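Structure file coords00.pdb (PDB, C-alpha atoms) is printed below.
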```
ATOM      1  CA  MET C   1      41.142 -26.070 -28.379
ATOM      2  CA  THR C   2      40.204 -22.847 -30.172
ATOM      3  CA  PRO C   3      36.627 -21.732 -30.945
ATOM      4  CA  ALA C   4      37.334 -22.537 -34.589
ATOM      5  CA  ASP C   5      38.317 -26.090 -33.609
ATOM      6  CA  THR C   6      35.139 -26.639 -31.597
ATOM      7  CA  ALA C   7      33.068 -25.564 -34.586
ATOM      8  CA  LEU C   8      34.471 -28.491 -36.562
ATOM      9  CA  GLY C   9      32.935 -31.944 -36.577
ATOM     10  CA  PRO C  10      34.705 -34.893 -34.907
ATOM     11  CA  VAL C  11      36.165 -36.153 -38.188
ATOM     12  CA  ALA C  12      37.706 -32.763 -38.961
ATOM     13  CA  ARG C  13      39.088 -32.490 -35.437
ATOM     14  CA  ALA C  14      40.584 -35.969 -35.727
ATOM     15  CA  GLY C  15      42.286 -34.876 -38.931
ATOM     16  CA  ALA C  16      43.811 -31.869 -37.198
ATOM     17  CA  GLY C  17      46.321 -34.255 -35.633
ATOM     18  CA  GLN C  18      46.424 -32.498 -32.272
ATOM     19  CA  GLY C  19      45.882 -35.563 -30.102
ATOM     20  CA  PRO C  20      47.957 -38.731 -29.651
ATOM     21  CA  ARG C  21      48.245 -41.133 -32.563
ATOM     22  CA  PRO C  22      45.528 -43.774 -32.213
ATOM     23  CA  ARG C  23      46.636 -47.379 -31.782
ATOM     24  CA  VAL C  24      45.032 -49.696 -34.294
ATOM     25  CA  SER C  25      44.825 -53.437 -34.832
ATOM     26  CA  PHE C  26      43.409 -55.442 -37.707
ATOM     27  CA  GLU C  27      41.576 -58.756 -37.988
ATOM     28  CA  PHE C  28      42.027 -61.061 -40.976
ATOM     29  CA  SER C  29      40.607 -64.472 -41.871
ATOM     30  CA  PRO C  30      42.636 -67.402 -43.230
ATOM     31  CA  PRO C  31      42.245 -67.820 -47.015
ATOM     32  CA  LYS C  32      40.124 -70.592 -48.501
ATOM     33  CA  GLY C  33      42.099 -70.927 -51.745
ATOM     34  CA  PRO C  34      44.739 -69.358 -54.009
ATOM     35  CA  LYS C  35      42.573 -66.408 -55.106
ATOM     36  CA  SER C  36      41.495 -65.491 -51.583
ATOM     37  CA  GLU C  37      45.085 -65.913 -50.383
ATOM     38  CA  GLU C  38      46.221 -63.369 -52.956
ATOM     39  CA  SER C  39      43.532 -60.934 -51.779
ATOM     40  CA  LEU C  40      44.490 -61.483 -48.140
ATOM     41  CA  TRP C  41      48.139 -60.733 -48.746
ATOM     42  CA  GLU C  42      47.322 -57.652 -50.783
ATOM     43  CA  ALA C  43      45.387 -56.390 -47.751
ATOM     44  CA  ILE C  44      48.170 -57.309 -45.331
ATOM     45  CA  ARG C  45      50.825 -55.531 -47.393
ATOM     46  CA  ARG C  46      48.617 -52.459 -47.812
ATOM     47  CA  LEU C  47      47.988 -52.137 -44.074
ATOM     48  CA  GLU C  48      51.410 -53.205 -42.796
ATOM     49  CA  PRO C  49      53.003 -49.726 -43.182
ATOM     50  CA  LEU C  50      50.445 -48.334 -40.695
ATOM     51  CA  SER C  51      52.348 -50.191 -37.942
ATOM     52  CA  PRO C  52      49.361 -51.690 -36.085
ATOM     53  CA  GLU C  53      49.764 -52.867 -32.509
ATOM     54  CA  PHE C  54      48.930 -56.386 -33.693
ATOM     55  CA  VAL C  55      46.962 -58.254 -36.339
ATOM     56  CA  SER C  56      44.746 -61.233 -35.524
ATOM     57  CA  VAL C  57      43.766 -64.223 -37.653
ATOM     58  CA  THR C  58      40.399 -65.868 -37.055
ATOM     59  CA  TYR C  59      39.629 -69.496 -36.256
ATOM     60  CA  GLY C  60      36.625 -70.932 -38.094
ATOM     61  CA  ALA C  61      33.522 -72.352 -36.419
ATOM     62  CA  GLY C  62      34.301 -75.679 -34.824
ATOM     63  CA  GLY C  63      38.020 -75.181 -35.425
ATOM     64  CA  SER C  64      37.415 -75.652 -39.146
ATOM     65  CA  THR C  65      40.347 -73.441 -40.178
ATOM     66  CA  ARG C  66      42.886 -74.723 -37.642
ATOM     67  CA  GLU C  67      45.661 -75.514 -40.119
ATOM     68  CA  ARG C  68      44.995 -72.476 -42.319
ATOM     69  CA  THR C  69      44.984 -70.173 -39.299
ATOM     70  CA  HIS C  70      48.288 -71.597 -38.077
ATOM     71  CA  ARG C  71      49.880 -71.353 -41.518
ATOM     72  CA  THR C  72      48.714 -67.752 -42.009
ATOM     73  CA  VAL C  73      49.853 -66.576 -38.563
ATOM     74  CA  VAL C  74      53.294 -68.143 -38.955
ATOM     75  CA  ARG C  75      53.712 -66.668 -42.436
ATOM     76  CA  ILE C  76      52.822 -63.195 -41.132
ATOM     77  CA  LEU C  77      55.416 -63.632 -38.387
ATOM     78  CA  LYS C  78      58.116 -64.725 -40.824
ATOM     79  CA  GLU C  79      57.444 -62.479 -43.813
ATOM     80  CA  THR C  80      56.266 -59.164 -42.338
ATOM     81  CA  THR C  81      57.073 -56.708 -39.568
ATOM     82  CA  LEU C  82      53.646 -57.319 -38.015
ATOM     83  CA  ARG C  83      52.929 -58.905 -34.631
ATOM     84  CA  PRO C  84      50.361 -61.647 -35.294
ATOM     85  CA  ALA C  85      47.803 -62.992 -32.827
ATOM     86  CA  ALA C  86      46.144 -66.347 -33.391
ATOM     87  CA  HIS C  87      42.482 -66.877 -32.568
ATOM     88  CA  LEU C  88      41.802 -70.084 -30.658
ATOM     89  CA  THR C  89      38.495 -71.649 -29.574
ATOM     90  CA  CYS C  90      37.256 -74.459 -27.331
ATOM     91  CA  VAL C  91      34.880 -76.037 -29.838
ATOM     92  CA  GLU C  92      35.089 -79.630 -31.063
ATOM     93  CA  ALA C  93      38.449 -80.366 -29.444
ATOM     94  CA  SER C  94      39.756 -81.982 -26.278
ATOM     95  CA  ARG C  95      41.966 -80.124 -23.813
ATOM     96  CA  ALA C  96      44.915 -82.178 -25.024
ATOM     97  CA  GLU C  97      44.284 -81.181 -28.640
ATOM     98  CA  VAL C  98      43.927 -77.492 -27.776
ATOM     99  CA  ASP C  99      47.025 -77.613 -25.573
ATOM    100  CA  GLU C 100      48.970 -79.057 -28.495
ATOM    101  CA  VAL C 101      47.922 -76.103 -30.654
ATOM    102  CA  ILE C 102      48.966 -73.681 -27.913
ATOM    103  CA  ARG C 103      52.414 -75.264 -27.612
ATOM    104  CA  ASP C 104      52.820 -75.280 -31.398
ATOM    105  CA  TYR C 105      52.158 -71.533 -31.472
ATOM    106  CA  TRP C 106      54.696 -70.857 -28.730
ATOM    107  CA  ASP C 107      57.305 -73.022 -30.472
ATOM    108  CA  ALA C 108      56.654 -71.141 -33.744
ATOM    109  CA  GLY C 109      57.319 -67.797 -32.043
ATOM    110  CA  ILE C 110      53.714 -66.618 -31.637
ATOM    111  CA  ARG C 111      53.246 -64.745 -28.370
ATOM    112  CA  HIS C 112      49.643 -63.501 -28.571
ATOM    113  CA  ILE C 113      46.443 -65.573 -28.617
ATOM    114  CA  VAL C 114      42.838 -64.372 -28.860
ATOM    115  CA  ALA C 115      40.966 -66.812 -26.621
ATOM    116  CA  LEU C 116      37.320 -67.352 -27.573
ATOM    117  CA  ARG C 117      34.705 -69.912 -26.717
ATOM    118  CA  GLY C 118      33.782 -70.218 -30.385
ATOM    119  CA  ASP C 119      30.744 -71.264 -32.395
ATOM    120  CA  PRO C 120      29.599 -74.789 -33.288
ATOM    121  CA  PRO C 121      30.633 -76.115 -36.718
ATOM    122  CA  GLY C 122      28.799 -74.321 -39.517
ATOM    123  CA  SER C 123      26.591 -72.358 -37.127
ATOM    124  CA  LEU C 124      27.591 -68.764 -36.381
ATOM    125  CA  GLY C 125      25.712 -67.847 -33.238
ATOM    126  CA  GLY C 126      24.314 -71.358 -32.835
ATOM    127  CA  ALA C 127      23.833 -73.250 -29.569
ATOM    128  CA  TYR C 128      27.090 -74.238 -27.908
ATOM    129  CA  ALA C 129      27.655 -77.636 -26.311
ATOM    130  CA  PRO C 130      31.083 -78.094 -24.695
ATOM    131  CA  ARG C 131      32.881 -81.428 -24.885
ATOM    132  CA  ALA C 132      33.237 -83.234 -21.587
ATOM    133  CA  ASP C 133      37.002 -83.578 -22.147
ATOM    134  CA  GLY C 134      37.463 -80.041 -23.507
ATOM    135  CA  TYR C 135      37.746 -76.519 -22.200
ATOM    136  CA  GLN C 136      34.249 -75.468 -21.194
ATOM    137  CA  ASN C 137      34.516 -71.761 -22.009
ATOM    138  CA  ALA C 138      36.895 -68.896 -22.764
ATOM    139  CA  THR C 139      37.720 -68.410 -19.078
ATOM    140  CA  GLU C 140      39.027 -71.965 -18.784
ATOM    141  CA  LEU C 141      40.814 -71.580 -22.129
ATOM    142  CA  THR C 142      42.519 -68.375 -20.980
ATOM    143  CA  ALA C 143      43.735 -70.070 -17.805
ATOM    144  CA  GLY C 144      44.938 -73.040 -19.844
ATOM    145  CA  ILE C 145      46.905 -70.834 -22.220
ATOM    146  CA  LYS C 146      48.584 -68.965 -19.372
ATOM    147  CA  ALA C 147      49.460 -72.260 -17.655
ATOM    148  CA  ILE C 148      51.373 -73.410 -20.730
ATOM    149  CA  ALA C 149      53.335 -70.219 -21.527
ATOM    150  CA  PRO C 150      53.277 -66.476 -20.752
ATOM    151  CA  PHE C 151      51.199 -65.502 -23.776
ATOM    152  CA  ASP C 152      49.546 -62.131 -24.200
ATOM    153  CA  VAL C 153      45.864 -63.174 -24.163
ATOM    154  CA  SER C 154      43.027 -61.142 -25.625
ATOM    155  CA  VAL C 155      39.377 -62.080 -25.097
ATOM    156  CA  GLY C 156      36.085 -61.035 -26.633
ATOM    157  CA  VAL C 157      33.232 -59.001 -25.198
ATOM    158  CA  TYR C 158      29.732 -58.215 -26.481
ATOM    159  CA  PRO C 159      28.684 -54.580 -25.914
ATOM    160  CA  GLN C 160      25.048 -55.488 -26.666
ATOM    161  CA  ILE C 161      24.804 -58.613 -24.466
ATOM    162  CA  HIS C 162      25.961 -62.014 -25.623
ATOM    163  CA  PRO C 163      23.095 -63.879 -27.390
ATOM    164  CA  GLU C 164      23.160 -66.578 -24.691
ATOM    165  CA  SER C 165      23.585 -64.249 -21.718
ATOM    166  CA  PRO C 166      20.780 -63.401 -19.264
ATOM    167  CA  SER C 167      22.040 -59.856 -18.596
ATOM    168  CA  VAL C 168      24.764 -57.256 -19.003
ATOM    169  CA  ASP C 169      25.812 -57.907 -15.412
ATOM    170  CA  HIS C 170      26.398 -61.555 -16.297
ATOM    171  CA  ASP C 171      28.543 -60.546 -19.286
ATOM    172  CA  ILE C 172      30.624 -58.252 -17.097
ATOM    173  CA  ALA C 173      31.078 -60.998 -14.504
ATOM    174  CA  VAL C 174      32.276 -63.339 -17.247
ATOM    175  CA  LEU C 175      34.718 -60.695 -18.499
ATOM    176  CA  LYS C 176      36.063 -60.230 -14.975
ATOM    177  CA  ALA C 177      36.577 -63.988 -14.675
ATOM    178  CA  LYS C 178      38.549 -63.994 -17.937
ATOM    179  CA  VAL C 179      40.705 -61.100 -16.741
ATOM    180  CA  ASP C 180      41.283 -62.869 -13.424
ATOM    181  CA  ALA C 181      42.346 -65.931 -15.447
ATOM    182  CA  GLY C 182      45.028 -63.877 -17.203
ATOM    183  CA  ALA C 183      43.455 -61.942 -20.087
ATOM    184  CA  THR C 184      45.291 -58.694 -20.814
ATOM    185  CA  ARG C 185      42.750 -56.943 -23.057
ATOM    186  CA  ALA C 186      39.213 -57.324 -24.378
ATOM    187  CA  ILE C 187      38.150 -56.784 -27.978
ATOM    188  CA  SER C 188      34.520 -55.860 -28.474
ATOM    189  CA  ASN C 189      32.224 -57.255 -31.090
ATOM    190  CA  PHE C 190      31.258 -54.673 -33.699
ATOM    191  CA  PHE C 191      28.493 -52.225 -32.823
ATOM    192  CA  PHE C 192      26.831 -49.038 -34.089
ATOM    193  CA  ASP C 193      25.285 -47.637 -30.902
ATOM    194  CA  ILE C 194      28.073 -45.415 -29.555
ATOM    195  CA  ASP C 195      26.122 -44.211 -26.519
ATOM    196  CA  GLY C 196      25.295 -47.793 -25.594
ATOM    197  CA  TYR C 197      28.946 -48.764 -25.951
ATOM    198  CA  LEU C 198      30.064 -45.919 -23.708
ATOM    199  CA  ARG C 199      27.549 -46.938 -21.032
ATOM    200  CA  PHE C 200      28.736 -50.545 -21.278
ATOM    201  CA  VAL C 201      32.408 -49.619 -20.845
ATOM    202  CA  GLU C 202      31.506 -47.353 -17.922
ATOM    203  CA  ARG C 203      29.837 -50.309 -16.190
ATOM    204  CA  ILE C 204      32.926 -52.444 -16.861
ATOM    205  CA  ARG C 205      35.137 -49.842 -15.173
ATOM    206  CA  LYS C 206      32.788 -49.559 -12.205
ATOM    207  CA  ALA C 207      33.135 -53.330 -11.787
ATOM    208  CA  GLY C 208      36.867 -52.845 -11.241
ATOM    209  CA  ILE C 209      38.021 -54.152 -14.623
ATOM    210  CA  ASP C 210      40.865 -51.980 -15.878
ATOM    211  CA  VAL C 211      42.274 -53.838 -18.916
ATOM    212  CA  PRO C 212      42.055 -52.067 -22.288
ATOM    213  CA  ILE C 213      38.671 -52.484 -24.014
ATOM    214  CA  LEU C 214      39.173 -52.168 -27.765
ATOM    215  CA  PRO C 215      36.097 -51.075 -29.729
ATOM    216  CA  GLY C 216      35.541 -53.401 -32.676
ATOM    217  CA  ILE C 217      34.876 -51.453 -35.876
ATOM    218  CA  MET C 218      33.174 -53.095 -38.864
ATOM    219  CA  PRO C 219      33.369 -51.050 -42.084
ATOM    220  CA  VAL C 220      30.176 -51.976 -43.976
ATOM    221  CA  SER C 221      31.167 -53.165 -47.444
ATOM    222  CA  SER C 222      27.939 -55.147 -47.940
ATOM    223  CA  PHE C 223      24.865 -54.025 -46.036
ATOM    224  CA  GLU C 224      22.973 -57.225 -46.816
ATOM    225  CA  GLY C 225      25.899 -59.263 -45.505
ATOM    226  CA  LEU C 226      25.979 -57.098 -42.391
ATOM    227  CA  ARG C 227      22.232 -57.577 -41.851
ATOM    228  CA  ASN C 228      22.589 -61.370 -42.070
ATOM    229  CA  MET C 229      25.573 -61.476 -39.721
ATOM    230  CA  SER C 230      24.025 -59.068 -37.234
ATOM    231  CA  GLY C 231      20.814 -61.071 -37.036
ATOM    232  CA  ARG C 232      22.690 -64.246 -36.114
ATOM    233  CA  ILE C 233      24.701 -62.683 -33.288
ATOM    234  CA  GLY C 234      22.249 -60.126 -31.941
ATOM    235  CA  VAL C 235      23.843 -56.847 -33.042
ATOM    236  CA  ALA C 236      21.229 -54.125 -33.533
ATOM    237  CA  ILE C 237      21.334 -52.184 -36.796
ATOM    238  CA  PRO C 238      20.007 -48.653 -36.239
ATOM    239  CA  ALA C 239      17.514 -47.143 -38.660
ATOM    240  CA  TRP C 240      19.897 -44.343 -39.617
ATOM    241  CA  LEU C 241      22.458 -46.877 -40.868
ATOM    242  CA  ALA C 242      19.874 -48.757 -42.923
ATOM    243  CA  ASN C 243      18.730 -45.448 -44.425
ATOM    244  CA  HIS C 244      22.291 -44.598 -45.484
ATOM    245  CA  PHE C 245      22.546 -47.798 -47.534
ATOM    246  CA  GLU C 246      18.993 -47.891 -48.888
ATOM    247  CA  GLY C 247      18.967 -48.203 -52.682
ATOM    248  CA  LEU C 248      22.713 -48.858 -52.987
ATOM    249  CA  ASP C 249      22.638 -52.613 -53.572
ATOM    250  CA  ALA C 250      23.937 -52.191 -57.132
ATOM    251  CA  ASP C 251      26.271 -49.277 -56.392
ATOM    252  CA  PRO C 252      29.403 -50.666 -54.668
ATOM    253  CA  GLU C 253      31.477 -47.490 -55.082
ATOM    254  CA  THR C 254      28.942 -45.316 -53.268
ATOM    255  CA  ARG C 255      28.552 -48.014 -50.606
ATOM    256  CA  LYS C 256      32.292 -47.777 -49.954
ATOM    257  CA  LEU C 257      32.140 -44.003 -49.578
ATOM    258  CA  VAL C 258      29.218 -44.226 -47.177
ATOM    259  CA  ALA C 259      30.841 -47.073 -45.228
ATOM    260  CA  ALA C 260      34.117 -45.178 -44.801
ATOM    261  CA  SER C 261      32.374 -42.001 -43.654
ATOM    262  CA  VAL C 262      30.177 -43.836 -41.120
ATOM    263  CA  ALA C 263      33.065 -45.769 -39.578
ATOM    264  CA  ALA C 264      35.385 -42.753 -39.561
ATOM    265  CA  GLU C 265      32.797 -40.666 -37.739
ATOM    266  CA  MET C 266      32.236 -43.436 -35.186
ATOM    267  CA  CYS C 267      35.973 -43.685 -34.506
ATOM    268  CA  ALA C 268      36.377 -39.911 -34.297
ATOM    269  CA  LYS C 269      33.544 -39.666 -31.764
ATOM    270  CA  LEU C 270      35.041 -42.488 -29.699
ATOM    271  CA  ALA C 271      38.432 -40.752 -29.842
ATOM    272  CA  GLU C 272      36.828 -37.615 -28.399
ATOM    273  CA  GLU C 273      35.539 -39.793 -25.546
ATOM    274  CA  GLY C 274      39.089 -40.832 -24.753
ATOM    275  CA  PHE C 275      39.428 -44.073 -26.723
ATOM    276  CA  CYS C 276      42.721 -44.439 -28.534
ATOM    277  CA  ASP C 277      42.685 -48.167 -29.431
ATOM    278  CA  PHE C 278      40.606 -49.405 -32.374
ATOM    279  CA  HIS C 279      40.264 -52.948 -33.709
ATOM    280  CA  PHE C 280      39.132 -53.202 -37.341
ATOM    281  CA  TYR C 281      37.323 -56.200 -38.803
ATOM    282  CA  THR C 282      38.850 -55.907 -42.282
ATOM    283  CA  LEU C 283      37.086 -58.849 -43.972
ATOM    284  CA  ASN C 284      40.436 -59.262 -45.775
ATOM    285  CA  ARG C 285      40.053 -55.944 -47.594
ATOM    286  CA  ALA C 286      42.287 -52.973 -46.964
ATOM    287  CA  ASP C 287      40.675 -50.025 -48.741
ATOM    288  CA  LEU C 288      38.052 -48.980 -46.188
ATOM    289  CA  THR C 289      40.238 -49.656 -43.149
ATOM    290  CA  TYR C 290      43.149 -47.763 -44.677
ATOM    291  CA  ALA C 291      40.954 -44.734 -45.447
ATOM    292  CA  ILE C 292      39.488 -44.692 -41.919
ATOM    293  CA  CYS C 293      42.952 -44.890 -40.383
ATOM    294  CA  ARG C 294      44.035 -41.909 -42.467
ATOM    295  CA  VAL C 295      41.108 -39.890 -41.145
ATOM    296  CA  LEU C 296      42.094 -40.827 -37.591
ATOM    297  CA  GLY C 297      45.643 -39.613 -38.152
ATOM    298  CA  VAL C 298      47.298 -43.006 -38.509
ATOM    299  CA  ARG C 299      50.033 -42.701 -41.110
ATOM    300  CA  GLU C 300      52.783 -44.840 -42.545
ATOM    301  CA  ALA C 301      56.059 -44.642 -40.702
ATOM    302  CA  PRO C 302      58.423 -42.211 -42.471
ATOM    303  CA  PRO C 303      61.289 -43.842 -44.386
ATOM    304  CA  ALA C 304      64.500 -44.168 -42.441
ATOM    305  CA  GLU C 305      67.136 -41.526 -43.064
ATOM    306  CA  PRO C 306      70.102 -42.844 -45.059
ATOM    307  CA  ARG C 307      73.147 -43.383 -42.921
ATOM    308  CA  GLU C 308      76.163 -41.211 -43.611
ATOM    309  CA  ALA C 309      79.210 -43.039 -44.839
ATOM    310  CA  ALA C 310      81.902 -43.457 -42.210
ATOM    311  CA  ALA C 311      84.762 -40.985 -42.543
TER     312      ALA C 311
END
```

Show me the file's structure as structure tokens.
Amino acid sequence: MTPADTALGPVARAGAGQGPRPRVSFEFSPPKGPKSEESLWEAIRRLEPLSPEFVSVTYGAGGSTRERTHRTVVRILKETTLRPAAHLTCVEASRAEVDEVIRDYWDAGIRHIVALRGDPPGSLGGAYAPRADGYQNATELTAGIKAIAPFDVSVGVYPQIHPESPSVDHDIAVLKAKVDAGATRAISNFFFDIDGYLRFVERIRKAGIDVPILPGIMPVSSFEGLRNMSGRIGVAIPAWLANHFEGLDADPETRKLVAASVAAEMCAKLAEEGFCDFHFYTLNRADLTYAICRVLGVREAPPAEPREAAA
């Protein structure tokens, strides 16, 4: 790196394209109706040319979107070049019911599941009570998935301590149990404290866990929505972020510009720390995620060269 390069900020250095191409993945939610389905597919088609490692589709609290999740994942598999991953939870279902869903995914050609404990119906971050005849947690669910078929299994991790956890050490022990059960990667909840995230990942590595840990990136399209969500799941919002969005409630275009710059800088700083996998919570919108990927050096695949006619 030249002296001129070091004088640049992390975003500018990311744009220089001197490092490896980052690997990205995107999270979508199943649509609730025809209008939201149209918006979802606009986002999918916009982001598809970036060739993500995979795209995941969420599973509503209490399994409330089971059929819509399945339908969306299968459609992505059939109608796009993307590799879809289906979220699956333990909540409000017996082992037999969950196992049936797992087998249905395998039979449909899905090979990647994001195994999560899940939230109670209608209560993001609410108290969890497992069914006696169900999987008790994500560790049991991961083992159950792997017992049925050789799925690629991703699991979640909270970089700021799970709301129900007594300590970071407990969270790391739970992650290790999920990896021992067959998980192949962990996807972090969104965060804004980069230094705290780096310390958390360092502790994970010291515990002997070597699977990829994907930082979860949340572009902030609505700060009020972010504040509400963060409060329910225990994600701290730093003062500097609140200051950036102060007074912009009625100015969506400026909010987008600020949101893209904040997330791009976070990703660029993480890239300088050696991270090359990023998982974006798209909220079924493509514009911010697409812009951030461009800053990171993620581009559409070039069109294939036309084949010469045979002589």

Exercise. List the residues selected by the PyMOL selection byres ((chain C and resi 208) around 12) in the file shown, writing them as number ranges by chain.
Key: C: 172-173, 175-177, 179-180, 201-207, 209-211

Exercise. Give me the result of the PyMOL selection byres ((chain C and resi 263) around 10) on this file, residue by residue, as a PyMOL selection string.
Key: chain C and resi 192+217-220+258-262+264-269+280+288-289+291-293

Exercise. Have a look at C:Arg103, C:Arg185, C:Arg45, C:His279 and name the one nearest to Pro150 (chain C); count all atoms listed in the file.
Key: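 For Pro150 (chain C), the nearest of the given residues is C:Arg103.
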
Quiz item: Which neighbours of Lys178 (chain C) fall inside 7 Å, counting all atoms listed in the file, when residues of the same chain fewer than 5 positions from it are skipped, and could you give them as a list in words?
Solution: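 So, after excluding close chain neighbours, the residues are Thr139, Thr142 and Ala183 of chain C.
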
Please produce a file of the residues just selected, as a PDB file, keeping the file's coordinate frame, where the atoms kept are C-alpha atoms.
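Contents of out12.pdb, freshly written:
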```
ATOM      1  CA  THR C 139      37.720 -68.410 -19.078  1.00  0.00           C
ATOM      2  CA  THR C 142      42.519 -68.375 -20.980  1.00  0.00           C
ATOM      3  CA  ALA C 183      43.455 -61.942 -20.087  1.00  0.00           C
TER       4      ALA C 183
END
```

Self-check item: Selection result for the PyMOL selection byres ((chain C and resi 193) around 9) on this file, as number ranges by chain
Solution: C: 160, 191-192, 194-198, 236-238

Self-check item: Among listed residues C:Phe278, C:Gly182, C:Glu38, C:Ser94, nearest Pro52 (chain C) (using all atoms listed in the file)
Solution: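 For Pro52 (chain C), the nearest of the candidates is C:Phe278.
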
Self-check item: Given only C-alpha atoms as the counted atoms, nearest of C:Ile148, C:Leu214, C:Val295, C:Ala286 to Gly274 (chain C)
Solution: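 When distances to Gly274 (chain C) are compared using only C-alpha atoms, the smallest one comes from C:Leu214.
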
Quiz item: Any idea what the distance is between CA of Thr69 (chain C) and CA of Pro30 (chain C)?
Solution: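 Between these atoms lies a distance of 5.4 Å.
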
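CA of Ser25 (chain C) lies 13.6 Å from CA of Arg46 (chain C).
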
Your completed region 276-295 of chain C with N, CA and C atoms, as a compact mmCIF listing (two decimals), in the frame of the given file:
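Output saved as selection.txt:
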```txt
# COMPACT_ATOMS: atom_id res chain seq x y z
N CYS C 276 41.62 -44.60 -27.58
CA CYS C 276 42.72 -44.44 -28.53
C CYS C 276 43.18 -45.78 -29.10
N ASP C 277 42.42 -46.86 -28.84
CA ASP C 277 42.68 -48.17 -29.43
C ASP C 277 41.47 -48.57 -30.25
N PHE C 278 41.70 -49.00 -31.49
CA PHE C 278 40.61 -49.40 -32.37
C PHE C 278 40.98 -50.70 -33.08
N HIS C 279 40.04 -51.65 -33.07
CA HIS C 279 40.26 -52.95 -33.71
C HIS C 279 39.34 -53.04 -34.93
N PHE C 280 39.91 -53.21 -36.10
CA PHE C 280 39.13 -53.20 -37.34
C PHE C 280 38.93 -54.62 -37.88
N TYR C 281 37.66 -54.96 -38.13
CA TYR C 281 37.32 -56.20 -38.80
C TYR C 281 37.43 -55.95 -40.31
N THR C 282 38.55 -56.32 -40.90
CA THR C 282 38.85 -55.91 -42.28
C THR C 282 38.12 -56.72 -43.34
N LEU C 283 37.67 -57.92 -42.99
CA LEU C 283 37.09 -58.85 -43.97
C LEU C 283 38.05 -59.08 -45.13
N ASN C 284 39.34 -59.03 -44.82
CA ASN C 284 40.44 -59.26 -45.78
C ASN C 284 40.48 -58.25 -46.91
N ARG C 285 39.96 -57.04 -46.63
CA ARG C 285 40.05 -55.94 -47.59
C ARG C 285 40.67 -54.75 -46.88
N ALA C 286 41.52 -54.05 -47.60
CA ALA C 286 42.29 -52.97 -46.96
C ALA C 286 41.73 -51.58 -47.22
N ASP C 287 40.98 -51.39 -48.30
CA ASP C 287 40.67 -50.02 -48.74
C ASP C 287 39.93 -49.20 -47.70
N LEU C 288 38.84 -49.74 -47.16
CA LEU C 288 38.05 -48.98 -46.19
C LEU C 288 38.83 -48.75 -44.90
N THR C 289 39.48 -49.79 -44.40
CA THR C 289 40.24 -49.66 -43.15
C THR C 289 41.37 -48.65 -43.31
N TYR C 290 42.06 -48.71 -44.43
CA TYR C 290 43.15 -47.76 -44.68
C TYR C 290 42.63 -46.33 -44.69
N ALA C 291 41.51 -46.09 -45.37
CA ALA C 291 40.95 -44.73 -45.45
C ALA C 291 40.54 -44.24 -44.07
N ILE C 292 39.92 -45.10 -43.26
CA ILE C 292 39.49 -44.69 -41.92
C ILE C 292 40.70 -44.36 -41.05
N CYS C 293 41.74 -45.17 -41.15
CA CYS C 293 42.95 -44.89 -40.38
C CYS C 293 43.55 -43.54 -40.76
N ARG C 294 43.52 -43.22 -42.04
CA ARG C 294 44.04 -41.91 -42.47
C ARG C 294 43.25 -40.78 -41.82
N VAL C 295 41.94 -40.92 -41.77
CA VAL C 295 41.11 -39.89 -41.14
C VAL C 295 41.46 -39.75 -39.66
```
